[in-house]
>>> print(open('run.txt').read())   # compact mmCIF, C-alpha atoms
# COMPACT_ATOMS: atom_id res chain seq x y z
CA MET Y 22 0.00 0.00 0.00
CA SER Y 23 1.38 3.41 -0.97
CA PHE Y 24 1.85 6.05 1.71
CA ILE Y 25 -0.68 8.37 0.03
CA LEU Y 26 -3.40 5.72 0.07
CA LYS Y 27 -2.55 4.74 3.63
CA LYS Y 28 -2.59 8.40 4.71
CA TYR Y 29 -6.10 9.04 3.37
CA LEU Y 30 -7.42 5.72 4.63
CA ILE Y 31 -6.22 6.41 8.19
CA SER Y 32 -7.45 10.01 7.93
CA LEU Y 33 -10.92 8.76 7.01
CA MET Y 34 -10.81 6.30 9.91
CA ALA Y 35 -9.88 9.11 12.32
CA ALA Y 36 -12.70 11.31 10.96
CA LEU Y 37 -15.24 8.45 11.18
CA LEU Y 38 -14.13 7.65 14.73
CA SER Y 39 -14.57 11.33 15.65
CA ALA Y 40 -18.09 11.37 14.20
CA ILE Y 41 -19.12 8.24 16.12
CA VAL Y 42 -17.69 9.45 19.43
CA LEU Y 43 -19.19 12.93 19.20
CA LEU Y 44 -22.62 11.59 18.19
CA LEU Y 45 -22.60 9.21 21.16
CA VAL Y 46 -21.59 12.10 23.45
CA ILE Y 47 -24.52 14.19 22.16
CA PHE Y 48 -27.20 11.48 22.36
CA PHE Y 49 -25.97 9.64 25.49
CA PRO Y 50 -24.67 12.28 27.94
CA GLU Y 51 -23.90 9.92 30.82
CA VAL Y 52 -20.77 10.77 32.80
CA TRP Y 53 -19.05 7.39 32.79
CA LEU Y 54 -19.87 6.75 29.15
CA PHE Y 55 -18.46 10.19 28.33
CA ILE Y 56 -15.21 9.50 30.19
CA GLY Y 57 -14.80 6.12 28.51
CA LEU Y 58 -15.59 7.45 25.04
CA ILE Y 59 -13.20 10.40 25.27
CA SER Y 60 -10.41 8.31 26.76
CA GLY Y 61 -10.77 5.68 24.04
CA TRP Y 62 -10.99 8.38 21.35
CA LEU Y 63 -7.75 10.02 22.42
CA ILE Y 64 -5.90 6.71 22.74
CA ILE Y 65 -7.06 5.36 19.37
CA SER Y 66 -6.36 8.70 17.66
CA GLY Y 67 -2.85 8.64 19.06
CA LEU Y 68 -2.31 5.10 17.81
CA LEU Y 69 -3.64 5.96 14.35
CA PHE Y 70 -1.40 9.00 14.18
CA TYR Y 71 1.62 6.96 15.30
CA SER Y 72 0.89 4.25 12.72
CA LEU Y 73 0.92 6.91 10.00
CA TYR Y 74 3.88 9.08 11.02
CA TYR Y 75 6.08 6.82 13.18
CA LYS Y 76 8.84 7.00 10.56
CA THR Y 77 8.67 10.78 10.35
CA PRO Y 78 10.82 12.54 12.99
CA GLY Y 79 9.56 15.53 14.94
CA ARG Y 80 5.86 14.67 14.83
CA ARG Y 81 5.27 14.86 18.59
CA PRO Y 82 4.02 18.49 18.48
CA ASP Y 83 1.61 17.58 15.68
CA LEU Y 84 0.19 14.73 17.76
CA LEU Y 85 -0.38 17.16 20.63
CA THR Y 86 -2.21 19.47 18.21
CA VAL Y 87 -4.51 16.60 17.20
CA LEU Y 88 -5.29 15.64 20.80
CA LEU Y 89 -5.80 19.23 21.99
CA THR Y 90 -8.12 19.91 19.05
CA GLU Y 91 -10.21 16.85 19.83
CA ILE Y 92 -10.53 17.89 23.47
CA SER Y 93 -11.46 21.43 22.43
CA PHE Y 94 -14.25 20.38 20.07
CA VAL Y 95 -15.85 17.95 22.49
CA SER Y 96 -15.62 20.52 25.30
CA LEU Y 97 -17.46 23.17 23.31
CA ILE Y 98 -20.03 20.68 22.02
CA ILE Y 99 -21.10 19.79 25.57
CA LEU Y 100 -21.14 23.46 26.63
CA VAL Y 101 -23.14 25.13 23.85
CA GLU Y 102 -26.92 25.06 24.17
CA TRP Y 103 -27.87 26.11 20.63
CA SER Y 104 -28.58 22.94 18.65
CA PHE Y 105 -27.45 24.39 15.30
CA LEU Y 106 -24.09 25.48 16.73
CA ARG Y 107 -23.59 22.05 18.28
CA TRP Y 108 -24.07 20.30 14.95
CA LEU Y 109 -21.86 22.85 13.22
CA LEU Y 110 -19.08 22.14 15.72
CA LEU Y 111 -19.49 18.41 15.12
CA ALA Y 112 -19.15 18.87 11.35
CA LEU Y 113 -16.12 21.13 11.79
CA ALA Y 114 -14.52 18.62 14.16
CA ILE Y 115 -14.82 15.81 11.60
CA PHE Y 116 -13.47 18.04 8.83
CA PHE Y 117 -10.47 19.37 10.76
CA ILE Y 118 -9.51 16.02 12.27
CA PHE Y 119 -9.37 14.64 8.73
CA LEU Y 120 -7.20 17.57 7.61
CA LEU Y 121 -4.85 17.23 10.57
CA PHE Y 122 -4.20 13.61 9.69
CA ALA Y 123 -4.13 14.04 5.91
CA LYS Y 124 -2.24 17.31 5.42
CA LEU Y 125 0.45 17.36 8.11
CA ASN Y 126 3.08 15.83 5.88
CA GLN Y 127 2.99 18.79 3.51
CA GLU Y 128 5.37 20.58 5.87
CA ASP Y 129 7.96 17.96 4.98
CA SER Y 130 8.19 19.64 1.58
CA ARG Y 131 10.86 22.28 1.14
CA MET Y 132 8.56 24.40 -1.00
CA ILE Y 133 7.49 27.41 1.09
CA PHE Y 134 4.16 27.80 -0.69
CA GLU Y 135 3.30 24.22 0.37
CA GLN Y 136 4.35 24.75 3.99
CA LYS Y 137 2.40 27.92 4.73
CA PRO Y 138 -1.20 26.62 4.35
CA ALA Y 139 -0.65 23.67 6.71
CA ARG Y 140 1.22 25.86 9.20
CA ARG Y 141 -1.51 28.50 9.22
CA MET Y 142 -4.22 25.87 9.53
CA LYS Y 143 -2.54 24.37 12.59
CA MET Y 144 -1.94 27.80 14.10
CA MET Y 145 -5.61 28.78 13.78
CA LEU Y 146 -6.70 25.45 15.23
CA LEU Y 147 -4.39 26.06 18.20
CA VAL Y 148 -5.95 29.50 18.64
CA PHE Y 149 -9.36 27.80 18.60
CA ASP Y 150 -8.02 25.35 21.20
CA ALA Y 151 -6.96 28.28 23.38
CA TYR Y 152 -10.46 29.77 23.18
CA ALA Y 153 -12.01 26.40 24.06
CA PHE Y 154 -9.77 25.95 27.11
CA PHE Y 155 -10.49 29.48 28.35
CA THR Y 156 -14.21 28.92 27.89
CA VAL Y 157 -14.14 25.59 29.71
CA GLY Y 158 -12.17 27.15 32.58
CA TYR Y 159 -14.73 29.90 33.10
CA ALA Y 160 -17.62 27.44 32.66
CA VAL Y 161 -16.22 25.19 35.39
CA SER Y 162 -15.81 28.20 37.71
CA MET Y 163 -19.47 29.16 37.12
CA PHE Y 164 -21.01 25.69 37.34
CA PHE Y 165 -18.85 24.46 40.25
CA GLN Y 166 -18.33 27.53 42.40
CA ASP Y 167 -16.90 25.52 45.29
CA PHE Y 168 -14.02 24.38 43.07
CA PRO Y 169 -10.93 26.56 43.78
CA PHE Y 170 -10.54 29.07 40.95
CA ILE Y 171 -6.79 29.23 41.51
CA VAL Y 172 -6.52 25.57 40.47
CA ILE Y 173 -8.34 26.42 37.24
CA THR Y 174 -6.00 29.35 36.57
CA ILE Y 175 -2.90 27.20 37.14
CA LEU Y 176 -4.19 24.57 34.71
CA GLU Y 177 -5.12 27.24 32.17
CA ALA Y 178 -1.67 28.83 32.45
CA GLY Y 179 -0.04 25.46 31.80
CA PHE Y 180 -2.24 24.63 28.82
CA LEU Y 181 -1.79 28.06 27.22
CA ALA Y 182 1.98 27.96 27.73
CA LEU Y 183 1.96 24.60 25.91
CA ILE Y 184 -0.23 25.92 23.09
CA SER Y 185 2.04 28.96 22.70
CA LEU Y 186 5.05 26.66 22.45
CA LEU Y 187 3.34 24.59 19.77
CA ILE Y 188 2.67 27.73 17.74
CA TRP Y 189 6.19 29.12 18.11
CA ARG Y 190 7.80 25.78 17.21
CA GLN Y 191 6.13 26.01 13.80
CA TYR Y 192 8.10 29.18 13.07
CA PHE Y 193 11.40 28.58 14.89
CA ALA Y 194 13.45 25.40 14.57
CA VAL Y 195 14.95 25.71 18.05
CA PRO Y 196 14.93 23.44 21.13
CA VAL Y 197 12.04 23.79 23.55
CA LYS Y 198 14.46 25.06 26.21
CA ALA Y 199 15.13 28.15 24.10
CA LEU Y 200 11.42 29.05 24.29
CA ALA Y 201 10.76 27.89 27.86
CA LEU Y 202 11.24 31.34 29.42
CA TRP Y 203 8.76 32.93 27.02
CA ALA Y 204 6.28 30.13 27.63
CA LEU Y 205 6.62 30.81 31.36
CA ILE Y 206 5.95 34.50 30.75
CA ILE Y 207 2.81 33.65 28.76
CA GLY Y 208 1.71 31.31 31.54
CA LEU Y 209 2.12 34.03 34.17
CA LEU Y 210 0.27 36.51 31.97
CA VAL Y 211 -2.63 34.08 31.53
CA PHE Y 212 -2.63 33.42 35.29
CA GLU Y 213 -3.08 37.13 36.00
CA LEU Y 214 -5.57 37.83 33.21
CA MET Y 215 -7.82 34.94 34.25
CA PHE Y 216 -8.57 36.77 37.51
CA VAL Y 217 -9.01 40.15 35.83
CA VAL Y 218 -11.31 39.01 33.01
CA GLN Y 219 -13.43 37.00 35.46
CA LEU Y 220 -14.57 40.29 37.04
CA LEU Y 221 -16.41 41.23 33.84
CA PRO Y 222 -20.17 40.53 33.96
CA PHE Y 223 -20.33 38.23 30.92
CA GLY Y 224 -20.99 34.57 30.23
CA TYR Y 225 -18.23 31.99 29.84
CA LEU Y 226 -18.39 32.01 26.03
CA VAL Y 227 -17.72 35.77 25.92
CA LEU Y 228 -15.11 35.69 28.70
CA GLY Y 229 -13.24 32.94 26.84
CA ALA Y 230 -13.28 34.97 23.62
CA LEU Y 231 -12.00 38.14 25.32
CA LEU Y 232 -9.16 36.35 27.07
CA ALA Y 233 -8.24 34.37 23.93
CA TRP Y 234 -8.02 37.69 22.09
CA LEU Y 235 -5.61 39.16 24.65
CA TRP Y 236 -3.52 35.98 24.73
CA PHE Y 237 -3.33 35.83 20.94
CA VAL Y 238 -1.96 39.37 20.67
CA ALA Y 239 0.58 38.69 23.43
CA GLN Y 240 1.93 35.45 21.94
CA LEU Y 241 1.95 37.01 18.48
CA PHE Y 242 4.22 39.84 19.60
CA ILE Y 243 6.51 37.43 21.41
CA ARG Y 244 6.75 35.50 18.12
CA PHE Y 245 7.59 38.71 16.27
CA TYR Y 246 10.18 39.57 18.92
CA LEU Y 247 11.86 36.18 18.56
CA SER Y 248 12.01 36.42 14.76
CA PRO Y 249 15.23 37.59 13.07
CA GLN Y 250 13.59 40.90 12.08
CA GLY Y 251 12.26 41.57 15.57
CA ILE Y 252 9.17 43.73 16.13
CA ILE Y 253 8.84 46.30 13.38
CA TRP Y 254 6.86 48.89 15.34
CA LYS Y 255 6.02 51.03 12.32
CA LYS Y 256 4.06 48.12 10.90
CA GLN Y 257 2.63 46.83 14.18
CA ILE Y 258 1.44 50.07 15.77
CA THR Y 259 -1.59 50.13 13.44
CA PHE Y 260 -2.36 46.51 14.32
CA LEU Y 261 -2.16 47.28 18.04
CA LEU Y 262 -4.30 50.40 17.84
CA SER Y 263 -6.95 48.71 15.71
CA ASN Y 264 -7.15 45.77 18.12
CA LEU Y 265 -7.39 48.14 21.08
CA VAL Y 266 -10.21 50.12 19.46
CA LEU Y 267 -12.09 46.96 18.45
CA PHE Y 268 -11.65 45.48 21.94
CA ILE Y 269 -13.06 48.63 23.59
CA LEU Y 270 -15.94 48.84 21.12
CA LEU Y 271 -16.79 45.19 21.77
CA LEU Y 272 -16.82 45.77 25.52
CA ILE Y 273 -19.07 48.82 25.09
CA PHE Y 274 -21.43 46.83 22.85
CA LEU Y 275 -21.61 43.96 25.33
CA VAL Y 276 -22.15 46.22 28.34
CA ARG Y 277 -25.14 47.83 26.61
CA TRP Y 278 -26.93 44.47 26.58
CA ILE Y 279 -26.40 43.64 30.24
>>> encode(input="run.txt", output="structure tokens")
Amino acid sequence: MSFILKKYLISLMAALLSAIVLLLVIFFPEVWLFIGLISGWLIISGLLFYSLYYKTPGRRPDLLTVLLTEISFVSLIILVEWSFLRWLLLALAIFFIFLLFAKLNQEDSRMIFEQKPARRMKMMLLVFDAYAFFTVGYAVSMFFQDFPFIVITILEAGFLALISLLIWRQYFAVPVKALALWALIIGLLVFELMFVVQLLPFGYLVLGALLAWLWFVAQLFIRFYLSPQGIIWKKQITFLLSNLVLFILLLIFLVRWI
């Protein structure tokens, strides 16, 4: 069997497995069944990924991207109440899991125009993962108010430091140790912002979006700073100002509806 055929066959299997698991989660929301389904899903997905890319070095970050994305989709599916949005998330989960399995090897090509689409796709999925983890953190703090919020913030800081590392490693071929300090800084920033954003009178879906926005800008500028060109402030000042204005306008719009 050729690698191309094997790649698409395993990708289809991963997508079909995702569809089955997510449908069972939606129609049979029992706790123990949910735990068993998600655990089995992650394990089997890892094995499928390993069977496809075990001969390709440096695929560990890509496997983490697959697992984090699966956790993110199932977390949002059980949190959203709008039926249409739930089915949309299910369809997107199947589509992106297939792409993660089928298109990862394009970065093995030395052609830049072939590397960029896969890299950008994974980066945006990791940003989506960040939003999902923020949303879940705030949802847990609202639904289980006796659970210590500081534990949630520590877990969030760890997850977002990991996600930031996964994004930066796509742009810099350096050891993890070289980025560890910056990941720690991002983790501390997330730790502080979790407490600040929680004071806003919004639901967990909005709080997660606001904090994901702030985190994205922060990790983006750290990435620019680490690049050979550094931060070109003449180009980035417009980006910063536009994001600041949009962020303030969004807050004003949301406050009007409280």
>>> closest_residue(input="run.txt", among="Y:Leu221, Y:Leu228, Y:Ala182, Y:Leu45", to="Leu209 (chain Y)", atoms="all atoms listed in the file")
Y:Ala182
>>> closest_residue(input="run.txt", among="Y:Leu26, Y:Met163, Y:Leu205, Y:Leu187", to="Leu84 (chain Y)", atoms="all atoms listed in the file")
Y:Leu187
>>> closest_residue(input="run.txt", among="Y:Tyr71, Y:Trp53, Y:Tyr152, Y:Tyr246", to="Asp83 (chain Y)", atoms="all atoms listed in the file")
Y:Tyr71
>>> atom_distance(input="run.txt", atom1="CA of Leu186 (chain Y)", atom2="CA of Ile207 (chain Y)")
9.7 Å
>>> residues_around(input="run.txt", residues="region 153-156 of chain Y", least_positions_apart="2", cutoff="9 Å", atoms="all atoms listed in the file", output="number ranges by chain")
Y: 92-94, 96-97, 100, 148-151, 158-161, 177, 180-181, 215, 225-230, 232-233
>>> closest_residue(input="run.txt", among="Y:Leu89, Y:Ile99, Y:Val218, Y:Lys256", to="Phe48 (chain Y)", atoms="only C-alpha atoms")
Y:Ile99
>>> closest_residue(input="run.txt", among="Y:Leu146, Y:Leu220, Y:Ile115, Y:Ile31", to="Ile65 (chain Y)", atoms="all atoms listed in the file")
Y:Ile31
>>> closest_residue(input="run.txt", among="Y:Leu210, Y:Ile56, Y:Phe242, Y:Val266", to="Trp254 (chain Y)", atoms="all atoms listed in the file")
Y:Phe242
>>> residues_around(input="run.txt", residues="Phe212 (chain Y)", least_positions_apart="5", cutoff="8 Å", atoms="all atoms listed in the file", output="PDB file with C-alpha atoms, in the coordinates of the input")
ATOM      1  CA  THR Y 174      -6.000  29.350  36.570  1.00  0.00           C
ATOM      2  CA  ILE Y 175      -2.900  27.200  37.140  1.00  0.00           C
ATOM      3  CA  GLU Y 177      -5.120  27.240  32.170  1.00  0.00           C
ATOM      4  CA  ALA Y 178      -1.670  28.830  32.450  1.00  0.00           C
TER       5      ALA Y 178
END
>>> atom_distance(input="run.txt", atom1="CA of Gly67 (chain Y)", atom2="CA of Glu91 (chain Y)")
11.1 Å
>>> decode(input="run.txt", residues="region 166-195 of chain Y", atoms="C-alpha atoms", output="mmCIF file, in the first residue's frame")
data_model
loop_
_atom_site.group_PDB
_atom_site.id
_atom_site.type_symbol
_atom_site.label_atom_id
_atom_site.label_comp_id
_atom_site.auth_asym_id
_atom_site.auth_seq_id
_atom_site.Cartn_x
_atom_site.Cartn_y
_atom_site.Cartn_z
ATOM 1 C CA GLN Y 166 -18.332 27.532 42.404
ATOM 2 C CA ASP Y 167 -16.896 25.517 45.293
ATOM 3 C CA PHE Y 168 -14.022 24.380 43.073
ATOM 4 C CA PRO Y 169 -10.928 26.557 43.782
ATOM 5 C CA PHE Y 170 -10.536 29.068 40.952
ATOM 6 C CA ILE Y 171 -6.791 29.234 41.512
ATOM 7 C CA VAL Y 172 -6.517 25.569 40.471
ATOM 8 C CA ILE Y 173 -8.337 26.418 37.238
ATOM 9 C CA THR Y 174 -5.998 29.349 36.571
ATOM 10 C CA ILE Y 175 -2.900 27.202 37.142
ATOM 11 C CA LEU Y 176 -4.186 24.567 34.706
ATOM 12 C CA GLU Y 177 -5.116 27.243 32.165
ATOM 13 C CA ALA Y 178 -1.673 28.832 32.448
ATOM 14 C CA GLY Y 179 -0.036 25.461 31.798
ATOM 15 C CA PHE Y 180 -2.236 24.634 28.818
ATOM 16 C CA LEU Y 181 -1.786 28.055 27.221
ATOM 17 C CA ALA Y 182 1.978 27.958 27.726
ATOM 18 C CA LEU Y 183 1.960 24.596 25.913
ATOM 19 C CA ILE Y 184 -0.234 25.920 23.088
ATOM 20 C CA SER Y 185 2.037 28.958 22.699
ATOM 21 C CA LEU Y 186 5.051 26.660 22.451
ATOM 22 C CA LEU Y 187 3.339 24.589 19.768
ATOM 23 C CA ILE Y 188 2.667 27.734 17.741
ATOM 24 C CA TRP Y 189 6.192 29.115 18.113
ATOM 25 C CA ARG Y 190 7.798 25.780 17.210
ATOM 26 C CA GLN Y 191 6.132 26.013 13.801
ATOM 27 C CA TYR Y 192 8.100 29.183 13.069
ATOM 28 C CA PHE Y 193 11.399 28.582 14.893
ATOM 29 C CA ALA Y 194 13.453 25.397 14.565
ATOM 30 C CA VAL Y 195 14.947 25.706 18.047
#
